[in-house]
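Structure file work.cif; described as mmCIF, C-alpha atoms.
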```cif
data_my_file
loop_
_atom_site.label_atom_id
_atom_site.label_comp_id
_atom_site.auth_asym_id
_atom_site.auth_seq_id
_atom_site.Cartn_x
_atom_site.Cartn_y
_atom_site.Cartn_z
CA MET A 1 0.00 0.00 0.00
CA ASP A 2 1.37 3.42 -0.96
CA GLU A 3 1.06 5.50 2.21
CA LYS A 4 1.40 8.75 0.26
CA ILE A 5 -1.62 8.04 -1.94
CA ILE A 6 -3.67 7.08 1.13
CA GLU A 7 -2.69 10.38 2.77
CA LYS A 8 -3.81 12.22 -0.37
CA ILE A 9 -7.12 10.33 -0.37
CA ILE A 10 -7.77 11.27 3.26
CA GLU A 11 -6.93 14.91 2.52
CA ASN A 12 -9.24 14.83 -0.50
CA GLU A 13 -12.05 13.40 1.62
CA ILE A 14 -11.60 16.19 4.17
CA TYR A 15 -11.94 18.94 1.59
CA ALA A 16 -14.45 17.27 -0.76
CA PRO A 17 -17.42 19.31 0.59
CA VAL A 18 -15.94 22.53 -0.85
CA ASN A 19 -17.63 21.46 -4.09
CA PHE A 20 -21.11 21.73 -2.55
CA ALA A 21 -20.78 23.78 0.66
CA ASP A 22 -19.27 26.98 2.03
CA CYS A 23 -16.43 26.75 4.51
CA GLU A 24 -14.42 28.61 7.11
CA LYS A 25 -10.95 27.53 8.23
CA THR A 26 -9.84 27.58 11.85
CA ASP A 27 -6.51 26.92 13.56
CA TRP A 28 -7.70 23.37 14.36
CA GLY A 29 -9.67 22.41 11.27
CA ILE A 30 -12.45 23.49 8.95
CA LEU A 31 -16.17 24.31 9.26
CA PHE A 32 -18.41 23.33 6.33
CA PHE A 33 -21.89 24.79 6.09
CA ASP A 34 -24.82 25.41 3.78
CA GLU A 35 -27.65 27.33 5.43
CA HIS A 36 -29.90 26.64 2.43
CA ASN A 37 -29.43 22.87 2.76
CA PRO A 38 -29.52 22.15 6.53
CA ALA A 39 -30.51 18.49 6.17
CA CYS A 40 -27.33 17.56 4.31
CA ILE A 41 -24.81 16.21 6.84
CA SER A 42 -21.96 16.24 4.32
CA ALA A 43 -22.46 19.99 3.81
CA ASN A 44 -22.80 20.83 7.51
CA HIS A 45 -20.07 19.53 9.78
CA ALA A 46 -16.75 20.51 11.31
CA VAL A 47 -13.59 18.50 10.66
CA ILE A 48 -10.83 18.42 13.26
CA THR A 49 -7.52 18.03 11.42
CA ASP A 50 -5.14 18.91 14.26
CA PRO A 51 -4.99 15.93 16.64
CA GLY A 52 -3.20 18.04 19.25
CA THR A 53 -5.87 20.70 19.52
CA ASP A 54 -7.84 21.48 22.67
CA LEU A 55 -10.95 19.44 21.81
CA PHE A 56 -13.18 21.16 24.33
CA LYS A 57 -12.42 24.62 22.91
CA ALA A 58 -12.79 23.37 19.33
CA ALA A 59 -16.12 21.77 20.22
CA VAL A 60 -17.43 24.93 21.88
CA GLN A 61 -16.39 26.98 18.85
CA THR A 62 -18.11 24.46 16.59
CA ARG A 63 -21.29 24.50 18.67
CA ASP A 64 -21.52 28.29 18.71
CA PHE A 65 -20.77 28.57 14.99
CA TYR A 66 -23.52 26.20 13.82
CA LEU A 67 -26.13 27.32 16.33
CA SER A 68 -25.61 30.92 15.17
CA LYS A 69 -26.66 29.73 11.72
CA SER A 70 -29.57 27.61 13.03
CA LEU A 71 -27.74 24.43 12.00
CA LEU A 72 -27.19 21.22 13.98
CA PRO A 73 -23.57 21.15 15.25
CA ARG A 74 -21.64 18.06 14.21
CA ILE A 75 -17.94 17.15 14.46
CA GLU A 76 -16.01 14.59 12.42
CA THR A 77 -12.42 13.40 12.40
CA PRO A 78 -10.97 12.12 9.12
CA PHE A 79 -10.45 8.35 9.14
CA CYS A 80 -8.64 8.30 12.46
CA GLY A 81 -9.46 6.93 15.88
CA LEU A 82 -10.45 9.92 17.98
CA THR A 83 -11.86 7.50 20.51
CA GLY A 84 -9.66 7.93 23.58
CA GLU A 85 -11.60 8.24 26.81
CA ASN A 86 -10.21 11.70 27.61
CA GLN A 87 -10.96 12.93 24.09
CA ILE A 88 -14.54 11.69 24.17
CA LYS A 89 -15.09 13.24 27.60
CA ALA A 90 -13.80 16.59 26.30
CA LEU A 91 -16.40 16.50 23.52
CA GLU A 92 -19.16 15.42 25.91
CA ARG A 93 -18.37 18.39 28.21
CA ALA A 94 -19.25 20.62 25.25
CA GLY A 95 -22.45 18.64 24.57
CA PHE A 96 -21.20 16.41 21.72
CA PHE A 97 -21.92 12.69 21.83
CA ARG A 98 -20.78 9.96 19.50
CA GLU A 99 -23.15 9.36 16.64
CA TYR A 100 -24.14 5.76 16.02
CA ARG A 101 -25.96 5.41 12.74
CA HIS A 102 -28.58 2.71 12.41
CA LYS A 103 -27.28 -0.47 10.83
CA ALA A 104 -29.91 -2.55 9.05
CA LYS A 105 -30.00 -6.26 9.77
CA GLN A 106 -28.09 -8.22 7.16
CA SER A 107 -29.79 -10.83 5.03
CA GLU A 108 -28.21 -14.28 4.63
CA ALA A 109 -26.97 -13.30 1.16
CA GLU A 110 -25.35 -10.14 2.55
CA ARG A 111 -23.64 -12.11 5.33
CA LYS A 112 -22.21 -14.55 2.77
CA ALA A 113 -21.05 -11.64 0.60
CA ALA A 114 -19.36 -10.01 3.59
CA GLY A 115 -17.61 -13.28 4.45
CA ALA A 116 -16.37 -13.74 0.90
CA PHE A 117 -15.25 -10.12 0.84
CA LYS A 118 -13.16 -10.56 3.99
CA SER A 119 -11.44 -13.53 2.33
CA ILE A 120 -10.51 -11.30 -0.61
CA LEU A 121 -9.14 -8.67 1.75
CA LYS A 122 -6.95 -11.18 3.60
CA GLU A 123 -5.30 -12.06 0.29
CA ALA A 124 -4.72 -8.43 -0.75
CA PRO A 125 -0.99 -7.60 -0.92
CA GLY A 126 0.69 -4.91 1.13
CA ASP A 127 -1.83 -4.61 3.96
CA GLU A 128 -3.07 -6.45 7.02
CA PHE A 129 -6.75 -7.19 7.37
CA SER A 130 -8.54 -8.47 10.43
CA ASP A 131 -11.28 -11.06 10.26
CA HIS A 132 -12.86 -9.60 13.41
CA PRO A 133 -16.43 -8.54 12.47
CA ASP A 134 -16.39 -5.40 14.62
CA ARG A 135 -13.24 -4.14 12.97
CA PHE A 136 -14.64 -4.94 9.55
CA GLU A 137 -17.92 -3.11 10.20
CA ASN A 138 -16.09 0.02 11.34
CA ARG A 139 -13.97 0.34 8.24
CA VAL A 140 -14.44 1.41 4.64
CA VAL A 141 -12.83 -0.06 1.55
CA CYS A 142 -10.55 2.15 -0.49
CA MET A 143 -10.31 1.29 -4.20
CA ILE A 144 -8.15 3.04 -6.80
CA LYS A 145 -8.62 2.86 -10.55
CA THR A 146 -5.59 1.10 -11.98
CA ASN A 147 -6.95 -0.65 -15.08
CA PRO A 148 -8.71 0.62 -18.21
CA ALA A 149 -12.49 0.83 -17.98
CA GLU A 150 -14.48 -1.31 -20.37
CA GLN A 151 -16.75 0.88 -22.46
CA LYS A 152 -19.97 -1.03 -23.05
CA LYS A 153 -22.31 -0.39 -25.94
CA GLN A 154 -25.31 1.83 -25.41
CA GLY A 155 -28.59 -0.07 -25.47
CA PRO A 156 -31.95 0.30 -23.76
CA LEU A 157 -29.96 1.87 -20.91
CA SER A 158 -28.18 4.95 -22.20
CA VAL A 159 -25.67 6.79 -20.01
CA SER A 160 -24.70 10.44 -20.40
CA ARG A 161 -23.36 13.36 -18.43
CA GLU A 162 -26.10 15.72 -17.27
CA ASN A 163 -26.09 19.13 -15.60
CA TYR A 164 -29.28 19.08 -13.55
CA PHE A 165 -30.87 16.80 -10.98
CA GLY A 166 -34.60 17.50 -11.01
CA SER A 167 -37.53 16.34 -8.88
CA GLU A 168 -38.69 13.80 -11.47
CA LEU A 169 -35.31 12.05 -11.48
CA CYS A 170 -35.17 12.23 -7.69
CA LYS A 171 -38.59 10.56 -7.35
CA THR A 172 -37.69 7.81 -9.84
CA LEU A 173 -34.46 6.96 -8.03
CA PHE A 174 -35.23 7.62 -4.37
CA GLY A 175 -39.02 7.51 -4.24
CA THR A 176 -39.06 11.09 -2.93
CA ASP A 177 -38.55 14.59 -4.23
CA SER A 178 -36.18 15.35 -1.34
CA GLU A 179 -35.06 18.94 -1.61
CA TYR A 180 -31.75 18.40 0.15
CA ILE A 181 -30.70 15.63 -2.29
CA GLN A 182 -31.52 17.84 -5.25
CA THR A 183 -29.79 20.85 -3.71
CA THR A 184 -26.60 18.90 -2.97
CA VAL A 185 -26.30 17.32 -6.41
CA ASN A 186 -27.20 20.53 -8.26
CA ARG A 187 -24.63 22.52 -6.31
CA LEU A 188 -22.11 19.89 -7.32
CA CYS A 189 -23.18 20.26 -10.95
CA LEU A 190 -22.70 24.03 -10.78
CA SER A 191 -19.28 23.82 -9.10
CA GLN A 192 -17.57 22.89 -12.38
CA LYS A 193 -15.55 20.44 -10.29
CA ALA A 194 -17.97 17.56 -10.60
CA HIS A 195 -19.37 15.45 -13.43
CA PHE A 196 -22.86 14.04 -12.95
CA PHE A 197 -23.76 10.87 -14.89
CA VAL A 198 -27.23 9.40 -15.35
CA GLY A 199 -28.22 6.03 -16.76
CA ARG A 200 -31.68 6.17 -18.32
CA LEU A 201 -33.82 3.20 -19.33
CA PHE A 202 -36.06 4.34 -22.17
CA GLY A 203 -35.76 7.85 -20.82
CA ASP A 204 -36.47 7.06 -17.16
CA GLY A 205 -33.64 7.65 -14.69
CA ALA A 206 -32.36 4.30 -13.43
CA SER A 207 -28.89 4.92 -11.97
CA ILE A 208 -26.52 7.78 -11.18
CA CYS A 209 -22.98 8.53 -10.06
CA THR A 210 -20.68 11.53 -9.84
CA VAL A 211 -16.97 12.10 -10.35
CA GLU A 212 -15.68 14.96 -8.19
CA GLU A 213 -12.38 16.63 -8.94
CA GLY A 214 -10.07 17.51 -6.06
CA LYS A 215 -6.69 19.17 -5.87
CA GLU A 216 -4.66 16.07 -6.73
CA LEU A 217 -7.24 13.30 -7.01
CA CYS A 218 -10.76 12.64 -8.24
CA ARG A 219 -13.32 10.53 -6.44
CA LEU A 220 -16.24 8.45 -7.66
CA THR A 221 -19.22 8.89 -5.38
CA ASN A 222 -23.04 9.04 -5.18
CA VAL A 223 -23.41 5.67 -6.91
CA PHE A 224 -27.08 4.76 -6.69
CA THR A 225 -29.63 2.65 -8.54
CA GLY A 226 -33.38 3.11 -8.21
CA MET A 227 -35.25 0.39 -6.33
CA GLY A 228 -37.09 -0.83 -9.41
CA PHE A 229 -33.93 -1.05 -11.53
CA ARG A 230 -31.59 -3.07 -9.34
CA HIS A 231 -29.81 -6.34 -10.18
CA CYS A 232 -29.84 -5.48 -13.88
CA GLY A 233 -26.26 -4.25 -14.30
CA PHE A 234 -27.31 -0.61 -14.63
CA ALA A 235 -24.97 0.68 -11.91
CA GLU A 236 -22.05 -1.19 -13.48
CA LYS A 237 -22.75 0.37 -16.85
CA THR A 238 -23.14 3.88 -15.41
CA VAL A 239 -19.94 3.60 -13.35
CA GLY A 240 -18.07 2.14 -16.32
CA PHE A 241 -19.16 5.03 -18.51
CA ALA A 242 -18.09 7.58 -15.88
CA ALA A 243 -14.71 5.87 -15.43
CA PHE A 244 -14.17 5.77 -19.19
CA GLU A 245 -14.99 9.48 -19.52
CA HIS A 246 -12.59 10.24 -16.70
CA GLU A 247 -9.82 8.36 -18.52
CA LYS A 248 -10.35 10.48 -21.62
CA ASN A 249 -10.55 13.86 -19.93
CA CYS A 250 -8.53 13.86 -16.70
CA SER A 251 -5.06 12.67 -15.71
CA LYS A 252 -5.68 12.77 -11.93
CA PRO A 253 -6.01 9.36 -10.21
CA LEU A 254 -9.58 8.23 -9.54
CA TYR A 255 -10.56 6.48 -6.31
CA LEU A 256 -13.67 5.48 -4.39
CA LEU A 257 -14.65 4.45 -0.88
CA THR A 258 -17.36 1.89 -0.24
CA GLU A 259 -18.92 0.21 2.79
CA ASN A 260 -20.79 -2.34 0.67
CA PRO A 261 -18.79 -5.55 0.03
CA ARG A 262 -21.23 -6.64 -2.67
CA LEU A 263 -20.13 -3.77 -4.90
CA THR A 264 -16.40 -4.44 -5.04
CA LYS A 265 -16.58 -6.75 -8.05
CA LEU A 266 -18.70 -4.16 -9.87
CA TYR A 267 -15.97 -1.58 -9.33
CA GLN A 268 -13.24 -4.04 -10.26
CA ARG A 269 -14.91 -4.55 -13.64
CA ALA A 270 -14.72 -0.75 -14.07
CA GLY A 271 -10.95 -0.86 -13.51
CA PHE A 272 -10.71 -0.33 -9.72
CA GLU A 273 -8.60 -2.44 -7.37
CA ILE A 274 -8.84 -2.84 -3.59
CA THR A 275 -6.03 -0.83 -2.01
CA ALA A 276 -6.70 -0.64 1.72
CA LEU A 277 -9.21 -0.58 4.54
CA LEU A 278 -9.64 2.74 6.35
CA ASP A 279 -11.23 3.38 9.71
CA LYS A 280 -14.56 5.13 9.40
CA PRO A 281 -14.52 8.79 10.44
CA PHE A 282 -15.47 9.42 14.05
CA SER A 283 -18.66 11.49 14.22
CA ALA A 284 -20.19 13.33 17.17
CA VAL A 285 -23.39 15.37 17.18
CA TRP A 286 -24.42 18.08 19.62
CA ARG A 287 -27.42 17.51 21.88
CA GLU A 288 -29.16 20.33 23.65
CA GLN A 289 -28.63 19.95 27.37
CA LYS A 290 -31.75 20.10 29.58
#
```
When written as structure tokens, how does the structure in this file appear?
Amino acid sequence: MDEKIIEKIIENEIYAPVNFADCEKTDWGILFFDEHNPACISANHAVITDPGTDLFKAAVQTRDFYLSKSLLPRIETPFCGLTGENQIKALERAGFFREYRHKAKQSEAERKAAGAFKSILKEAPGDEFSDHPDRFENRVVCMIKTNPAEQKKQGPLSVSRENYFGSELCKTLFGTDSEYIQTTVNRLCLSQKAHFFVGRLFGDGASICTVEEGKELCRLTNVFTGMGFRHCGFAEKTVGFAAFEHEKNCSKPLYLLTENPRLTKLYQRAGFEITALLDKPFSAVWREQK
């Protein structure tokens, strides 16, 4: 594993929200915010980049900043274990508590896929992978595009780059016309640092993904297939098209992060290879004290 490229990926992940949110830098990190899109967590959180900072003071500054904008205060640390007892207590003194996101119960097929995936990881060169389920569940897979993408022929599903994510497409894919999803994607489209790809089946939106350009790297993200279009290869075709377009138009390395072991083979067919496992970012959210 190339430690330098991993460091660049982590740095790119930290600053990725600049493509769809405003930001203010501090001496301990960065504050991302979008007052017009308060429901978007990615656009509204603080990142602590200095591990030696006074966490209590940083947390208080974070709390006051977001509350002044009528936003929910949230703190993240980038793929590192800010989990020491003293550190957590410092955040709790300021009213921040670790955020545990709901994990849906796995089906038998998903458990088998996860088991097979861990076997693949143990064979990956240049890194050590644990078979402990807790460690696996708290990590994300980093994949980097190293091989040419296979450009498949257009058929009933046609894939193209688009510049607008409207309510009709949102409803088809997500079953809702969620304003915050539309706002986030459309701000990405307008940033000129992101390419938005849509796979349409006879004109109806079936799958999407975006390629976001950073300072030294690009990342593939927002890969999603509508509920009624899954298990048909549409995501693979959309991702493959996006990866192929990236090859033609950009020399920066392309990477992705995924928590879904079932998708790794899809990405491998698009030219990506498993590079490493990264710890999930630590996340803490502020709770009003009574």
Legend entry - Residues within 10 Å of Asp27 of chain A, only C-alpha atoms, excluding chain neighbours under 5 positions, as a VMD selection string: chain A and resid 48 to 50 53 58
Inset, instruction - Show which residues sit within 8 Å of Glu236 of chain A, as a ChimeraX atom specification. Count all atoms listed in the file, and ignore same-chain residues fewer than 4 positions away. - result: /A:240,266-267,269-270
Inset, instruction - Quick one: everything within 12 Å of Gln154 of chain A, counting only C-alpha atoms, minus sequence neighbours fewer than 4 positions away in the same chain. Send it as a VMD selection string. - result: chain A and resid 158 to 160 199 to 202 234 237 to 238 240 to 241
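This file gives the following result for the PyMOL selection byres ((chain A and resi 175-191) around 6): Asn19, Phe20, Asn37, Asn163, Tyr164, Phe165, Ser167, Cys170, Lys171, Thr172, Leu173, Phe174, Gln192, Lys193 and Ala194 of chain A.
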Padded axis-aligned box of segment 5-22 of chain A (3 Å per side), centre and edge lengths, Å, one decimal, as lines of an AutoDock Vina configuration file:
```
center_x = -11.4
center_y = 17.0
center_z = 0.0
size_x = 25.5
size_y = 25.9
size_z = 14.3
```
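Separating atom CA of Leu257 of chain A from atom CA of Ile144 of chain A is a distance of 8.9 Å.
Compared by their closest atoms to Gly214 of chain A, and using all atoms listed in the file, the residues A:Asn12, A:Thr264, A:Ser251, A:Thr62 rank with A:Asn12 nearest.
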Legend entry - Pick from A:Val223, A:Cys23, A:Ala284, A:Ile208, whichever lies nearest to Leu256 of chain A using all atoms listed in the file: A:Val223
Inset, instruction - In Å, rounded to a single decimal, give me how far atom CA of Leu217 of chain A is from atom CA of Glu24 of chain A. - result: 22.0 Å
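For the pair atom CA of Met143 of chain A and atom CA of Thr77 of chain A, the interatomic distance is 20.7 Å.
Using only C-alpha atoms, the shortest contact distance between Arg219 of chain A and any of A:Leu254, A:Ile41, A:Ile10, A:Ala46 is found at A:Leu254.
Of the listed residues A:Gly205, A:Pro253, A:Gly226, A:Gly29, the one whose atoms come nearest to Ile5 of chain A is A:Pro253, with distances taken using all atoms listed in the file.
Considering the residues A:Phe32, A:Phe196, A:Trp286, A:Phe97 and counting all atoms listed in the file, Phe224 of chain A has its shortest atom-to-atom contact with A:Phe196.
Closest approach to Gly84 of chain A among A:Phe282, A:Cys232, A:Gln289, A:His195 is made by A:Phe282 (distances from only C-alpha atoms).
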Inset, instruction - Would you list the contacts of Ala235 of chain A as a VMD selection string, taking every protein, DNA or RNA residue within 7 Å and counting only C-alpha atoms, but skipping same-chain residues closer than 4 positions in sequence? - result: chain A and resid 207 224 to 225 239
Legend entry - Residues near Gln61 of chain A, cut-off 10 Å, all atoms listed in the file, skip fewer than 3 positions along chain, as a list of chain:residue names: A:Thr26, A:Leu31, A:Ala46, A:Leu55, A:Phe56, A:Lys57, A:Ala58, A:Asp64, A:Phe65, A:Tyr66, A:Pro73, A:Ala94
Inset, instruction - Kindly resolve the PyMOL selection byres ((chain A and resi 35) around 10) on the present coordinates and return the residues as number ranges by chain. - result: A: 21-22, 33-34, 36-40, 43-44, 66, 69-71
Put those residues in a file: C-alpha atoms, as a JSON list (two decimals), in the frame of the given file.
```
[["chain", "number", "residue", "atom", "x", "y", "z"],
["A", 21, "ALA", "CA", -20.78, 23.78, 0.66],
["A", 22, "ASP", "CA", -19.27, 26.98, 2.03],
["A", 33, "PHE", "CA", -21.89, 24.79, 6.09],
["A", 34, "ASP", "CA", -24.82, 25.41, 3.78],
["A", 36, "HIS", "CA", -29.90, 26.64, 2.43],
["A", 37, "ASN", "CA", -29.43, 22.87, 2.76],
["A", 38, "PRO", "CA", -29.52, 22.15, 6.53],
["A", 39, "ALA", "CA", -30.51, 18.49, 6.17],
["A", 40, "CYS", "CA", -27.33, 17.56, 4.31],
["A", 43, "ALA", "CA", -22.46, 19.99, 3.81],
["A", 44, "ASN", "CA", -22.80, 20.83, 7.51],
["A", 66, "TYR", "CA", -23.52, 26.20, 13.82],
["A", 69, "LYS", "CA", -26.66, 29.73, 11.72],
["A", 70, "SER", "CA", -29.57, 27.61, 13.03],
["A", 71, "LEU", "CA", -27.74, 24.43, 12.00]]
```
